[in-house]
Amino acid sequence: MQLLIVWLIFTVPACILLSKKNRGAGYYILAILFPLIGLIFALCLKKLNPEEDNVTPPSLDITEDNQ
């Protein structure tokens with residue numbers, strides 16, 4: 001029972017931080033399997049901006065310049 005409480009004390013805050021920082025499933029798996037390490041990672045990571053991820057890369061089509 002005590003082990004479950006300690007696991008929850010580290011896992012829940014780590015998952016909340018990861019959700020606020022827009023991180024993927026791999027970090028959640030880390031936080032669930034290794035709660036203390038996951039919490040440390042969650043505290044150290046920078047926040048990702050989803051707006052910057054949706055930027056379309058430049059087109060490599062050479063025919064667009066002729067139109």
# chains A, B, ... in the order shown; residues from 1 in each chain; ligands from 1

call {"tool": "residues_around", "arguments": {"residues": "A:Ile32", "least_positions_apart": "3", "cutoff": "10 Å", "atoms": "only C-alpha atoms", "output": "PyMOL selection string"}}
result
chain A and resi 7-8+10-12+14-15+26-29+35-39

call {"tool": "closest_residue", "arguments": {"among": "A:Ala31, A:Asp61, A:Gln2, A:Asn49", "to": "A:Leu18", "atoms": "only C-alpha atoms"}}
result
A:Ala31

call {"tool": "residues_around", "arguments": {"residues": "A:Lys46", "least_positions_apart": "5", "cutoff": "12 Å", "atoms": "only C-alpha atoms", "output": "PDB file with all heavy atoms, in the first residue's frame"}}
result
ATOM      1  N   LEU A  17       2.620  17.748 -15.367  1.00  0.00           N
ATOM      2  CA  LEU A  17       3.626  18.620 -15.985  1.00  0.00           C
ATOM      3  C   LEU A  17       3.837  18.284 -17.455  1.00  0.00           C
ATOM      4  O   LEU A  17       3.959  19.185 -18.290  1.00  0.00           O
ATOM      5  CB  LEU A  17       4.956  18.497 -15.240  1.00  0.00           C
ATOM      6  CG  LEU A  17       5.042  19.194 -13.890  1.00  0.00           C
ATOM      7  CD1 LEU A  17       6.319  18.797 -13.175  1.00  0.00           C
ATOM      8  CD2 LEU A  17       4.976  20.685 -14.070  1.00  0.00           C
ATOM      9  N   LEU A  18       3.885  17.006 -17.778  1.00  0.00           N
ATOM     10  CA  LEU A  18       4.078  16.604 -19.173  1.00  0.00           C
ATOM     11  C   LEU A  18       2.908  17.041 -20.040  1.00  0.00           C
ATOM     12  O   LEU A  18       3.087  17.439 -21.188  1.00  0.00           O
ATOM     13  CB  LEU A  18       4.274  15.091 -19.258  1.00  0.00           C
ATOM     14  CG  LEU A  18       5.583  14.572 -18.672  1.00  0.00           C
ATOM     15  CD1 LEU A  18       5.564  13.060 -18.588  1.00  0.00           C
ATOM     16  CD2 LEU A  18       6.770  15.062 -19.476  1.00  0.00           C
ATOM     17  N   SER A  19       1.718  17.000 -19.494  1.00  0.00           N
ATOM     18  CA  SER A  19       0.553  17.438 -20.250  1.00  0.00           C
ATOM     19  C   SER A  19       0.587  18.944 -20.495  1.00  0.00           C
ATOM     20  O   SER A  19       0.254  19.418 -21.571  1.00  0.00           O
ATOM     21  CB  SER A  19      -0.701  17.003 -19.513  1.00  0.00           C
ATOM     22  OG  SER A  19      -1.602  18.012 -19.342  1.00  0.00           O
ATOM     23  N   LYS A  20       1.035  19.712 -19.501  1.00  0.00           N
ATOM     24  CA  LYS A  20       1.129  21.171 -19.661  1.00  0.00           C
ATOM     25  C   LYS A  20       2.241  21.565 -20.629  1.00  0.00           C
ATOM     26  O   LYS A  20       2.181  22.619 -21.243  1.00  0.00           O
ATOM     27  CB  LYS A  20       1.370  21.832 -18.309  1.00  0.00           C
ATOM     28  CG  LYS A  20       0.162  21.821 -17.421  1.00  0.00           C
ATOM     29  CD  LYS A  20       0.409  22.538 -16.118  1.00  0.00           C
ATOM     30  CE  LYS A  20      -0.831  22.496 -15.246  1.00  0.00           C
ATOM     31  NZ  LYS A  20      -0.622  23.193 -13.976  1.00  0.00           N
ATOM     32  N   LYS A  21       3.245  20.715 -20.754  1.00  0.00           N
ATOM     33  CA  LYS A  21       4.369  21.002 -21.643  1.00  0.00           C
ATOM     34  C   LYS A  21       4.210  20.354 -23.013  1.00  0.00           C
ATOM     35  O   LYS A  21       5.143  20.342 -23.812  1.00  0.00           O
ATOM     36  CB  LYS A  21       5.676  20.548 -20.981  1.00  0.00           C
ATOM     37  CG  LYS A  21       5.984  21.370 -19.740  1.00  0.00           C
ATOM     38  CD  LYS A  21       7.296  20.996 -19.124  1.00  0.00           C
ATOM     39  CE  LYS A  21       7.549  21.886 -17.919  1.00  0.00           C
ATOM     40  NZ  LYS A  21       8.886  21.698 -17.366  1.00  0.00           N
ATOM     41  N   ASN A  22       3.025  19.801 -23.289  1.00  0.00           N
ATOM     42  CA  ASN A  22       2.684  19.230 -24.603  1.00  0.00           C
ATOM     43  C   ASN A  22       3.663  18.148 -25.045  1.00  0.00           C
ATOM     44  O   ASN A  22       4.141  18.140 -26.171  1.00  0.00           O
ATOM     45  CB  ASN A  22       2.622  20.321 -25.670  1.00  0.00           C
ATOM     46  CG  ASN A  22       1.587  21.355 -25.363  1.00  0.00           C
ATOM     47  OD1 ASN A  22       0.503  21.044 -24.902  1.00  0.00           O
ATOM     48  ND2 ASN A  22       1.923  22.620 -25.582  1.00  0.00           N
ATOM     49  N   ARG A  23       3.958  17.207 -24.174  1.00  0.00           N
ATOM     50  CA  ARG A  23       4.894  16.137 -24.483  1.00  0.00           C
ATOM     51  C   ARG A  23       4.160  14.876 -24.900  1.00  0.00           C
ATOM     52  O   ARG A  23       2.993  14.683 -24.611  1.00  0.00           O
ATOM     53  CB  ARG A  23       5.794  15.849 -23.276  1.00  0.00           C
ATOM     54  CG  ARG A  23       6.732  16.987 -22.958  1.00  0.00           C
ATOM     55  CD  ARG A  23       7.654  17.229 -24.136  1.00  0.00           C
ATOM     56  NE  ARG A  23       8.465  18.413 -23.916  1.00  0.00           N
ATOM     57  CZ  ARG A  23       9.625  18.591 -24.492  1.00  0.00           C
ATOM     58  NH1 ARG A  23      10.111  17.697 -25.318  1.00  0.00           N
ATOM     59  NH2 ARG A  23      10.305  19.681 -24.273  1.00  0.00           N
ATOM     60  N   PHE A  41      12.587  14.448 -15.314  1.00  0.00           N
ATOM     61  CA  PHE A  41      12.542  14.823 -16.729  1.00  0.00           C
ATOM     62  C   PHE A  41      11.461  15.872 -16.967  1.00  0.00           C
ATOM     63  O   PHE A  41      11.676  16.843 -17.689  1.00  0.00           O
ATOM     64  CB  PHE A  41      12.270  13.597 -17.600  1.00  0.00           C
ATOM     65  CG  PHE A  41      13.498  12.951 -18.129  1.00  0.00           C
ATOM     66  CD1 PHE A  41      14.209  12.062 -17.343  1.00  0.00           C
ATOM     67  CD2 PHE A  41      13.949  13.219 -19.398  1.00  0.00           C
ATOM     68  CE1 PHE A  41      15.346  11.455 -17.821  1.00  0.00           C
ATOM     69  CE2 PHE A  41      15.086  12.616 -19.887  1.00  0.00           C
ATOM     70  CZ  PHE A  41      15.805  11.730 -19.099  1.00  0.00           C
TER      71      PHE A  41
END
